[in-house]
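Reproduced below: final-v3.csv, with CSV, C-alpha atoms.
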```csv
chain,number,residue,atom,x,y,z
A,1,MET,CA,-135.6,-26.5,27.3
A,2,THR,CA,-137.2,-29.7,28.5
A,3,LYS,CA,-135.1,-32.8,28.0
A,4,SER,CA,-136.8,-35.7,26.2
A,5,THR,CA,-137.2,-38.9,28.1
A,6,VAL,CA,-137.1,-42.5,27.0
A,7,LEU,CA,-138.0,-45.6,29.1
A,8,LEU,CA,-136.6,-49.0,27.8
A,9,THR,CA,-138.2,-52.0,29.5
A,10,ASN,CA,-138.0,-55.8,29.3
A,11,LEU,CA,-134.2,-55.8,28.8
A,12,GLN,CA,-131.8,-58.5,29.6
A,13,PHE,CA,-128.7,-57.3,31.5
A,14,ILE,CA,-125.7,-59.6,31.8
A,15,ASP,CA,-122.8,-59.5,34.3
A,16,LEU,CA,-119.2,-60.5,33.8
A,17,HIS,CA,-120.2,-64.2,34.0
A,18,ASP,CA,-123.2,-63.8,31.7
A,19,HIS,CA,-125.8,-64.2,34.4
A,20,HIS,CA,-129.0,-62.6,33.0
A,21,ILE,CA,-131.1,-60.1,34.9
A,22,THR,CA,-134.3,-58.6,33.6
A,23,GLY,CA,-134.4,-54.8,33.9
A,24,TRP,CA,-135.0,-51.3,32.5
A,25,ILE,CA,-133.2,-48.1,31.6
A,26,TYR,CA,-134.6,-44.6,32.0
A,27,VAL,CA,-132.9,-42.0,29.7
A,28,GLU,CA,-133.2,-38.2,30.2
A,29,GLY,CA,-131.8,-36.1,27.4
A,30,SER,CA,-128.4,-37.7,26.5
A,31,LYS,CA,-127.8,-39.5,29.8
A,32,ILE,CA,-128.8,-42.6,31.6
A,33,LYS,CA,-130.8,-41.1,34.5
A,34,SER,CA,-131.7,-44.4,36.2
A,35,LEU,CA,-131.6,-48.1,35.6
A,36,GLY,CA,-132.6,-51.2,37.6
A,37,GLN,CA,-133.9,-54.7,37.9
A,38,GLY,CA,-137.5,-56.0,37.5
A,39,GLN,CA,-140.2,-53.5,36.7
A,40,PRO,CA,-139.5,-49.8,36.5
A,41,LYS,CA,-140.7,-47.1,38.8
A,42,THR,CA,-143.2,-44.5,37.5
A,43,PHE,CA,-141.4,-41.9,35.4
A,44,PRO,CA,-142.6,-39.0,33.2
A,45,VAL,CA,-142.0,-40.6,29.8
A,46,ASP,CA,-142.0,-39.2,26.2
A,47,ILE,CA,-141.2,-42.5,24.6
A,48,SER,CA,-141.6,-46.0,26.1
A,49,LEU,CA,-140.0,-48.9,24.3
A,50,ASP,CA,-140.4,-52.6,25.0
A,51,GLY,CA,-136.9,-54.2,24.6
A,52,GLN,CA,-138.6,-57.6,23.8
A,53,GLY,CA,-136.2,-59.5,26.1
A,54,LEU,CA,-133.2,-58.5,24.0
A,55,THR,CA,-129.7,-58.3,25.7
A,56,VAL,CA,-128.6,-54.7,26.4
A,57,LEU,CA,-125.0,-53.9,26.0
A,58,PRO,CA,-122.9,-50.7,26.1
A,59,GLY,CA,-122.5,-49.1,22.6
A,60,LEU,CA,-119.4,-50.2,20.7
A,61,ILE,CA,-116.5,-47.8,20.1
A,62,ASP,CA,-114.2,-48.2,17.0
A,63,LEU,CA,-110.9,-46.4,17.4
A,64,HIS,CA,-109.6,-47.5,14.0
A,65,THR,CA,-111.8,-47.4,10.9
A,66,HIS,CA,-111.0,-45.9,7.6
A,67,GLY,CA,-114.5,-46.3,6.1
A,68,ALA,CA,-117.2,-48.6,5.0
A,69,ASN,CA,-120.3,-48.9,2.8
A,70,GLY,CA,-118.5,-47.3,-0.2
A,71,ASN,CA,-117.0,-44.3,1.7
A,72,GLU,CA,-113.5,-43.7,3.1
A,73,ILE,CA,-112.3,-41.0,5.4
A,74,ILE,CA,-109.6,-39.7,3.0
A,75,GLY,CA,-111.6,-38.0,0.3
A,76,ILE,CA,-114.8,-38.1,2.3
A,77,THR,CA,-117.7,-35.6,1.9
A,78,ALA,CA,-119.9,-34.5,4.7
A,79,PRO,CA,-122.9,-36.5,3.3
A,80,GLY,CA,-120.6,-39.5,2.9
A,81,LEU,CA,-119.5,-39.2,6.5
A,82,GLN,CA,-123.1,-39.0,7.6
A,83,GLU,CA,-123.8,-42.3,5.7
A,84,LEU,CA,-120.9,-43.8,7.6
A,85,THR,CA,-122.3,-42.8,11.0
A,86,GLN,CA,-125.6,-44.5,10.0
A,87,PHE,CA,-123.8,-47.7,8.8
A,88,TYR,CA,-121.7,-47.9,12.0
A,89,ALA,CA,-124.8,-47.4,14.2
A,90,SER,CA,-126.5,-50.4,12.4
A,91,HIS,CA,-123.7,-52.5,13.8
A,92,GLY,CA,-123.9,-51.3,17.3
A,93,VAL,CA,-121.3,-48.6,17.1
A,94,THR,CA,-122.1,-45.5,19.1
A,95,GLY,CA,-118.8,-43.7,18.7
A,96,PHE,CA,-115.7,-43.9,16.5
A,97,LEU,CA,-112.5,-42.2,15.5
A,98,ALA,CA,-112.4,-41.1,11.8
A,99,SER,CA,-109.1,-42.7,10.8
A,100,THR,CA,-106.9,-41.3,8.1
A,101,TRP,CA,-103.9,-43.1,6.6
A,102,THR,CA,-100.6,-42.0,4.9
A,103,ALA,CA,-101.6,-39.5,2.3
A,104,PRO,CA,-100.5,-36.0,1.1
A,105,HIS,CA,-100.8,-33.2,3.6
A,106,ALA,CA,-103.7,-31.6,1.8
A,107,ALA,CA,-105.7,-34.8,1.7
A,108,ILE,CA,-105.3,-35.3,5.5
A,109,ALA,CA,-106.1,-31.7,6.2
A,110,GLU,CA,-109.3,-31.9,4.1
A,111,ALA,CA,-110.4,-35.0,5.8
A,112,ILE,CA,-110.0,-33.3,9.2
A,113,ALA,CA,-111.9,-30.3,8.0
A,114,VAL,CA,-114.9,-32.4,6.7
A,115,THR,CA,-114.9,-34.4,10.0
A,116,ARG,CA,-115.1,-31.2,12.0
A,117,SER,CA,-118.1,-30.0,9.9
A,118,VAL,CA,-120.0,-33.2,10.8
A,119,MET,CA,-119.1,-33.5,14.5
A,120,GLY,CA,-122.0,-32.6,16.7
A,121,ASN,CA,-124.6,-33.1,13.9
A,122,GLU,CA,-124.2,-36.8,13.3
A,123,ILE,CA,-127.3,-38.8,12.4
A,124,GLY,CA,-125.9,-42.1,13.6
A,125,ALA,CA,-122.8,-42.9,15.6
A,126,LYS,CA,-120.8,-40.0,17.1
A,127,VAL,CA,-117.5,-39.0,15.7
A,128,LEU,CA,-115.3,-38.8,18.8
A,129,GLY,CA,-112.3,-37.4,17.0
A,130,ILE,CA,-109.6,-38.2,14.5
A,131,HIS,CA,-107.1,-41.1,14.4
A,132,LEU,CA,-104.0,-40.4,12.4
A,133,GLU,CA,-102.6,-43.7,11.2
A,134,GLY,CA,-99.4,-42.2,9.8
A,135,PRO,CA,-97.9,-40.6,7.8
A,136,TRP,CA,-95.0,-41.0,10.3
A,137,LEU,CA,-94.5,-44.7,9.9
A,138,ASN,CA,-91.7,-47.1,8.9
A,139,THR,CA,-91.5,-48.2,5.2
A,140,VAL,CA,-90.3,-51.6,6.3
A,141,TYR,CA,-93.8,-52.4,7.6
A,142,CYS,CA,-95.9,-50.1,5.4
A,143,GLY,CA,-98.5,-52.8,4.8
A,144,ALA,CA,-101.0,-51.4,2.3
A,145,GLN,CA,-100.0,-47.8,3.0
A,146,ASP,CA,-98.2,-45.9,0.2
A,147,LYS,CA,-94.5,-46.3,0.9
A,148,THR,CA,-93.7,-43.2,-1.2
A,149,LEU,CA,-95.8,-40.9,1.1
A,150,ILE,CA,-94.4,-42.1,4.4
A,151,ARG,CA,-92.4,-39.4,6.0
A,152,THR,CA,-90.8,-38.2,9.2
A,153,ALA,CA,-92.7,-35.8,11.4
A,154,SER,CA,-92.1,-32.2,10.5
A,155,ARG,CA,-93.2,-29.6,13.1
A,156,ASP,CA,-95.2,-27.6,10.7
A,157,GLU,CA,-97.3,-30.5,9.5
A,158,ALA,CA,-97.7,-32.3,12.8
A,159,LEU,CA,-98.6,-29.2,14.8
A,160,GLU,CA,-101.2,-28.2,12.2
A,161,TYR,CA,-103.0,-31.4,12.8
A,162,LEU,CA,-102.6,-31.5,16.6
A,163,ASN,CA,-103.7,-27.8,17.0
A,164,THR,CA,-107.1,-28.7,15.6
A,165,ASP,CA,-107.9,-30.3,19.0
A,166,LEU,CA,-109.6,-33.1,17.1
A,167,ILE,CA,-106.8,-35.7,17.2
A,168,ARG,CA,-107.4,-38.4,19.8
A,169,LEU,CA,-105.0,-41.1,18.6
A,170,VAL,CA,-101.8,-41.1,16.6
A,171,ALA,CA,-100.1,-44.2,15.2
A,172,ILE,CA,-96.4,-43.7,14.6
A,173,ALA,CA,-93.1,-45.6,14.2
A,174,PRO,CA,-91.3,-44.7,17.5
A,175,GLU,CA,-87.9,-46.1,16.5
A,176,ILE,CA,-87.4,-43.2,14.0
A,177,PRO,CA,-85.6,-40.4,15.9
A,178,GLU,CA,-87.3,-37.6,14.0
A,179,ASN,CA,-90.7,-38.9,15.3
A,180,GLU,CA,-89.8,-38.9,19.0
A,181,TRP,CA,-90.8,-35.3,19.6
A,182,VAL,CA,-94.3,-36.0,18.3
A,183,ILE,CA,-94.7,-38.8,20.8
A,184,ARG,CA,-93.7,-36.5,23.7
A,185,GLU,CA,-95.9,-33.7,22.3
A,186,CYS,CA,-99.0,-35.9,22.0
A,187,SER,CA,-98.4,-37.3,25.5
A,188,HIS,CA,-98.2,-33.8,26.9
A,189,ARG,CA,-101.5,-32.9,25.2
A,190,GLY,CA,-103.3,-36.1,26.4
A,191,ILE,CA,-103.4,-37.6,22.9
A,192,THR,CA,-103.0,-41.4,22.8
A,193,VAL,CA,-100.0,-42.7,20.9
A,194,ALA,CA,-99.8,-46.1,19.4
A,195,ALA,CA,-96.7,-47.8,17.9
A,196,GLY,CA,-97.8,-48.9,14.4
A,197,HIS,CA,-96.3,-49.9,11.1
A,198,THR,CA,-93.1,-50.2,13.1
A,199,ASN,CA,-89.8,-52.1,13.0
A,200,ALA,CA,-88.9,-51.3,16.6
A,201,THR,CA,-86.8,-53.6,18.7
A,202,TYR,CA,-87.9,-54.6,22.2
A,203,ALA,CA,-85.5,-52.0,23.6
A,204,GLU,CA,-86.8,-49.3,21.3
A,205,MET,CA,-90.3,-50.2,22.4
A,206,LYS,CA,-89.4,-49.8,26.1
A,207,LYS,CA,-88.0,-46.4,25.3
A,208,ALA,CA,-91.2,-45.5,23.4
A,209,VAL,CA,-93.3,-46.4,26.4
A,210,GLU,CA,-91.1,-44.1,28.5
A,211,MET,CA,-91.8,-41.3,25.9
A,212,GLY,CA,-95.6,-41.9,26.1
A,213,VAL,CA,-96.6,-44.8,23.8
A,214,THR,CA,-99.5,-46.7,25.5
A,215,GLN,CA,-100.8,-48.8,22.6
A,216,VAL,CA,-99.9,-50.9,19.6
A,217,THR,CA,-101.8,-50.5,16.3
A,218,HIS,CA,-103.4,-53.8,15.1
A,219,CYS,CA,-101.3,-56.1,17.2
A,220,PHE,CA,-99.3,-58.7,15.1
A,221,ASN,CA,-100.0,-56.9,11.9
A,222,ALA,CA,-97.4,-54.5,10.2
A,223,MET,CA,-94.9,-54.7,13.0
A,224,ARG,CA,-91.6,-56.5,13.9
A,225,PRO,CA,-92.8,-60.0,15.0
A,226,LEU,CA,-92.0,-62.0,18.1
A,227,ASN,CA,-88.6,-63.8,17.9
A,228,HIS,CA,-87.1,-65.9,20.6
A,229,ARG,CA,-83.9,-63.8,20.4
A,230,GLU,CA,-85.4,-60.4,19.6
A,231,PRO,CA,-88.9,-60.0,21.2
A,232,GLY,CA,-89.6,-57.1,18.9
A,233,VAL,CA,-92.8,-55.1,18.9
A,234,VAL,CA,-95.0,-58.1,19.5
A,235,GLY,CA,-92.9,-59.3,22.4
A,236,ALA,CA,-93.0,-55.8,23.9
A,237,ALA,CA,-96.8,-55.6,23.5
A,238,LEU,CA,-97.2,-58.9,25.3
A,239,ASP,CA,-94.7,-58.2,28.0
A,240,ILE,CA,-95.0,-54.5,28.9
A,241,PRO,CA,-98.0,-53.8,31.2
A,242,GLN,CA,-98.6,-50.2,30.0
A,243,ILE,CA,-99.2,-51.3,26.4
A,244,LYS,CA,-102.8,-51.9,25.2
A,245,CYS,CA,-103.3,-54.0,22.1
A,246,GLU,CA,-105.6,-53.2,19.2
A,247,LEU,CA,-106.8,-56.4,17.5
A,248,ILE,CA,-108.5,-56.9,14.2
A,249,ALA,CA,-110.7,-59.9,15.1
A,250,ASP,CA,-111.8,-60.9,11.6
A,251,ASN,CA,-110.1,-64.4,11.7
A,252,ILE,CA,-108.1,-63.2,8.6
A,253,HIS,CA,-105.5,-60.8,10.0
A,254,VAL,CA,-105.0,-62.9,13.2
A,255,ASN,CA,-105.7,-66.6,13.6
A,256,PRO,CA,-108.3,-67.3,16.3
A,257,VAL,CA,-105.8,-69.3,18.3
A,258,VAL,CA,-103.5,-66.3,18.5
A,259,MET,CA,-106.4,-64.1,19.4
A,260,LYS,CA,-107.1,-66.4,22.3
A,261,LEU,CA,-103.4,-66.4,23.3
A,262,LEU,CA,-103.4,-62.6,23.3
A,263,VAL,CA,-106.3,-62.3,25.6
A,264,ASN,CA,-104.9,-65.0,27.9
A,265,VAL,CA,-101.5,-63.2,28.1
A,266,LYS,CA,-102.7,-59.6,28.3
A,267,GLY,CA,-106.1,-60.1,30.0
A,268,SER,CA,-109.2,-58.9,28.3
A,269,GLU,CA,-108.9,-55.4,29.9
A,270,ASN,CA,-105.8,-54.7,27.8
A,271,VAL,CA,-107.3,-55.7,24.4
A,272,ILE,CA,-109.1,-53.2,22.2
A,273,LEU,CA,-111.2,-54.6,19.3
A,274,ILE,CA,-111.0,-52.5,16.1
A,275,THR,CA,-112.1,-53.0,12.5
A,276,ASP,CA,-109.5,-51.2,10.4
A,277,SER,CA,-112.3,-51.3,7.9
A,278,ILE,CA,-112.1,-49.8,4.4
A,279,SER,CA,-114.8,-48.7,2.0
A,280,ALA,CA,-115.5,-52.4,1.0
A,281,ALA,CA,-116.9,-53.2,4.5
A,282,GLY,CA,-120.6,-53.8,4.2
A,283,MET,CA,-120.2,-54.3,0.4
A,284,PRO,CA,-120.2,-57.5,-1.7
A,285,ASP,CA,-117.0,-59.2,-2.8
A,286,GLY,CA,-115.4,-57.5,-5.8
A,287,ASP,CA,-112.9,-54.9,-6.9
A,288,TYR,CA,-112.4,-51.7,-4.9
A,289,SER,CA,-109.6,-49.2,-4.4
A,290,PHE,CA,-107.6,-48.1,-1.4
A,291,GLU,CA,-105.3,-45.1,-1.6
A,292,GLY,CA,-105.7,-45.4,-5.4
A,293,ALA,CA,-104.5,-49.0,-5.5
A,294,ARG,CA,-106.6,-51.8,-6.7
A,295,VAL,CA,-108.1,-54.0,-3.9
A,296,LYS,CA,-109.8,-57.3,-4.5
A,297,VAL,CA,-112.2,-58.6,-1.9
A,298,THR,CA,-112.7,-62.3,-1.9
A,299,ASP,CA,-114.6,-64.1,0.9
A,300,GLY,CA,-114.4,-60.9,2.9
A,301,ALA,CA,-110.6,-60.5,2.7
A,302,ALA,CA,-109.4,-57.3,1.1
A,303,ARG,CA,-106.0,-57.6,-0.6
A,304,LEU,CA,-103.8,-55.7,-2.9
A,305,GLU,CA,-102.7,-57.3,-6.2
A,306,ASP,CA,-99.5,-58.6,-4.5
A,307,GLY,CA,-101.6,-60.3,-1.8
A,308,THR,CA,-101.0,-57.8,1.0
A,309,LEU,CA,-104.0,-57.3,3.3
A,310,ALA,CA,-105.5,-53.8,2.8
A,311,GLY,CA,-107.5,-53.1,5.9
A,312,SER,CA,-110.6,-55.2,6.5
A,313,THR,CA,-114.3,-55.6,5.7
A,314,LEU,CA,-115.0,-56.2,9.4
A,315,THR,CA,-117.8,-54.7,11.5
A,316,MET,CA,-117.5,-54.2,15.3
A,317,ASP,CA,-120.4,-56.6,16.1
A,318,ARG,CA,-118.8,-59.4,14.1
A,319,ALA,CA,-115.4,-58.6,15.8
A,320,LEU,CA,-117.1,-59.2,19.1
A,321,ALA,CA,-118.7,-62.4,18.0
A,322,ASN,CA,-115.4,-63.7,16.6
A,323,ILE,CA,-113.4,-63.0,19.8
A,324,LEU,CA,-116.2,-64.7,21.9
A,325,LYS,CA,-115.9,-67.8,19.8
A,326,ALA,CA,-112.1,-67.7,19.8
A,327,THR,CA,-111.7,-67.3,23.5
A,328,GLY,CA,-114.8,-69.0,24.9
A,329,ARG,CA,-115.0,-66.2,27.5
A,330,PRO,CA,-118.3,-64.6,28.6
A,331,LEU,CA,-120.0,-61.8,26.5
A,332,GLY,CA,-120.3,-59.7,29.7
A,333,GLU,CA,-116.5,-59.7,30.0
A,334,MET,CA,-115.5,-59.5,26.3
A,335,VAL,CA,-117.9,-56.6,25.4
A,336,ASN,CA,-115.5,-54.4,27.3
A,337,CYS,CA,-112.9,-55.0,24.6
A,338,ALA,CA,-115.2,-53.0,22.3
A,339,SER,CA,-116.7,-50.5,24.7
A,340,LEU,CA,-115.0,-49.6,28.0
A,341,ASN,CA,-111.4,-50.4,26.8
A,342,PRO,CA,-111.5,-48.1,23.8
A,343,ALA,CA,-113.2,-45.4,25.9
A,344,ARG,CA,-110.4,-45.6,28.4
A,345,ALA,CA,-107.8,-45.5,25.6
A,346,ILE,CA,-109.0,-42.1,24.5
A,347,HIS,CA,-109.8,-40.8,28.0
A,348,MET,CA,-113.6,-40.9,27.7
A,349,GLU,CA,-114.2,-43.6,30.3
A,350,ASP,CA,-115.8,-41.1,32.7
A,351,HIS,CA,-118.9,-40.9,30.5
A,352,LYS,CA,-118.7,-43.6,27.9
A,353,GLY,CA,-118.2,-47.3,27.6
A,354,GLN,CA,-120.5,-48.6,30.4
A,355,LEU,CA,-124.2,-48.7,31.3
A,356,ARG,CA,-124.1,-46.5,34.4
A,357,ARG,CA,-126.2,-43.8,35.9
A,358,ASP,CA,-125.2,-40.3,34.6
A,359,TRP,CA,-123.1,-41.9,31.8
A,360,ASP,CA,-124.0,-41.2,28.1
A,361,ALA,CA,-127.0,-43.2,26.9
A,362,ASP,CA,-124.9,-45.1,24.4
A,363,LEU,CA,-126.3,-48.6,24.1
A,364,MET,CA,-127.4,-51.4,21.8
A,365,LEU,CA,-129.8,-54.3,22.0
A,366,VAL,CA,-128.7,-57.7,20.5
A,367,ASP,CA,-130.4,-61.1,20.0
A,368,GLN,CA,-128.9,-64.4,21.0
A,369,ASN,CA,-126.8,-64.5,17.8
A,370,LEU,CA,-125.4,-61.0,18.6
A,371,GLN,CA,-127.4,-59.5,15.7
A,372,VAL,CA,-127.9,-55.8,16.5
A,373,LYS,CA,-131.6,-54.8,16.7
A,374,PHE,CA,-131.4,-51.4,18.2
A,375,THR,CA,-128.8,-48.7,18.8
A,376,MET,CA,-129.1,-45.5,20.9
A,377,VAL,CA,-126.5,-42.7,20.8
A,378,GLU,CA,-126.6,-40.2,23.6
A,379,GLY,CA,-130.3,-40.8,24.2
A,380,LYS,CA,-131.3,-40.7,20.5
A,381,VAL,CA,-132.6,-43.8,18.8
A,382,VAL,CA,-130.5,-44.1,15.6
A,383,PHE,CA,-131.2,-47.7,14.6
A,384,LYS,CA,-134.2,-49.9,15.3
A,385,GLN,CA,-135.1,-53.2,13.7
A,386,PHE,CA,-138.1,-54.6,15.7
```
Have the structure of the file written as structure tokens, please.
Amino acid sequence: MTKSTVLLTNLQFIDLHDHHITGWIYVEGSKIKSLGQGQPKTFPVDISLDGQGLTVLPGLIDLHTHGANGNEIIGITAPGLQELTQFYASHGVTGFLASTWTAPHAAIAEAIAVTRSVMGNEIGAKVLGIHLEGPWLNTVYCGAQDKTLIRTASRDEALEYLNTDLIRLVAIAPEIPENEWVIRECSHRGITVAAGHTNATYAEMKKAVEMGVTQVTHCFNAMRPLNHREPGVVGAALDIPQIKCELIADNIHVNPVVMKLLVNVKGSENVILITDSISAAGMPDGDYSFEGARVKVTDGAARLEDGTLAGSTLTMDRALANILKATGRPLGEMVNCASLNPARAIHMEDHKGQLRRDWDADLMLVDQNLQVKFTMVEGKVVFKQF
């Protein structure tokens, strides 16, 4: 079967210092076959597109999203998940992990089954796997998650999920002894483990890293904070080189000054932008639900009735814009926080997260305001607005 070919011309590439270079990308099937500066060579082309001088960036990867546009992963239908793939693509996302939360076993199992039914047939962004945020958390830092459903990791339940071969990321409270075996099991299987919704001390976090933890879930949020006598989870995240830090860069969960401090301390290569979005993302302010609880969205902030933040209404393109403003660093550097870094976190950096020959043709075109105008997922145009 002949692979379809696409030639994108009149693109603006940027380097780590935001120097602009006009160039082109030639796509064959799902891969970038060739790319270069100036005018392209002569290629056999099925589709030729003028990029209109827009900036080309690698597609964004969201490792932590519970939903958007009226749909959530727990309770999702196949059509609802397809709608999500389209919504994400319109914001430059080319791949994401369908993220569950603390819920009854049957609800998590059903979400995994629906996700499996859609994977490989997406009409927008690719579902790269499943992120289990819980249910093996600590009730002390449950956030908006249902405290009554948080539990320790039983072998029957955990192995059922892991044996699906769809789990790519697990958020867990590592200080709870009954959860330790899951960390080791995931590490053995190549599944990334994040410390999340956790009351771990610095010493417990050091032990967790030795067991296989390599990430923290939404750094600063729902975890033991930094204290000058007990560094806690935040202190461990800042200090231990092996730990990568997820960040909800919506200017609500984390103050922009602290976002800048995180990047300065950890380096941009160790920060992973996420949305932690819920069904209200992409929707107007108003009343919504999360895990059956009432959520009110005001000025984009989603909160339970007691004021607790309940996920976000963030999109990945806005997260990128926010961290650029907070840090003052170049787009060419910071885009890696939303593309290459998440690809590395789930061991897909050998074919995703960069604009490189023989890598997946996952890319987006943005204007000078970082508005997404075009998204391509594995060589297929899934969003176009010019």
**OP:** Do a neighbour search on range 237-250 of chain A at 6 Å with all atoms listed in the file, toss out local chain neighbours closer than 5 positions, and write the hits as a VMD selection string.
**Re:** chain A and resid 214 to 219 270 to 275 319
Subject >> Exercise: Ala321 in chain A partners within 9 Å, only C-alpha atoms, chain neighbours under 4 positions left out, as a list in words >> reply: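 Counting only the stated atoms, we get Ala249, Met316, Asp317, Lys325, Ala326, Leu331, Asn369 and Leu370 of chain A.
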**OP:** Find, counting only C-alpha atoms, the residue in A:Ala302, A:Val377, A:Val118, A:Leu355 that gets nearest to Leu35 in chain A.
**Re:**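 Smallest distance to Leu35 in chain A is found for A:Leu355.
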**OP:** Work out how far apart CA of Trp136 in chain A and CA of Ser117 in chain A are and give it in Å to one decimal.
**Re:**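 For CA of Trp136 in chain A relative to CA of Ser117 in chain A, the distance reads 25.6 Å.
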Subject >> Non-local contacts of Phe87 in chain A (10 Å; all atoms listed in the file; under 3 positions in same chain excluded) as a list of chain:residue names >> reply: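 Here the qualifying residues turn out to be A:Gly67, A:Ala68, A:Asn69, A:Leu81, A:Gln82, A:Glu83, A:Leu84, A:Ser90, A:His91, A:Gly92, A:Val93, A:Gly124, A:Ala125, A:Ala281, A:Gly282, A:Thr315, A:Phe383.
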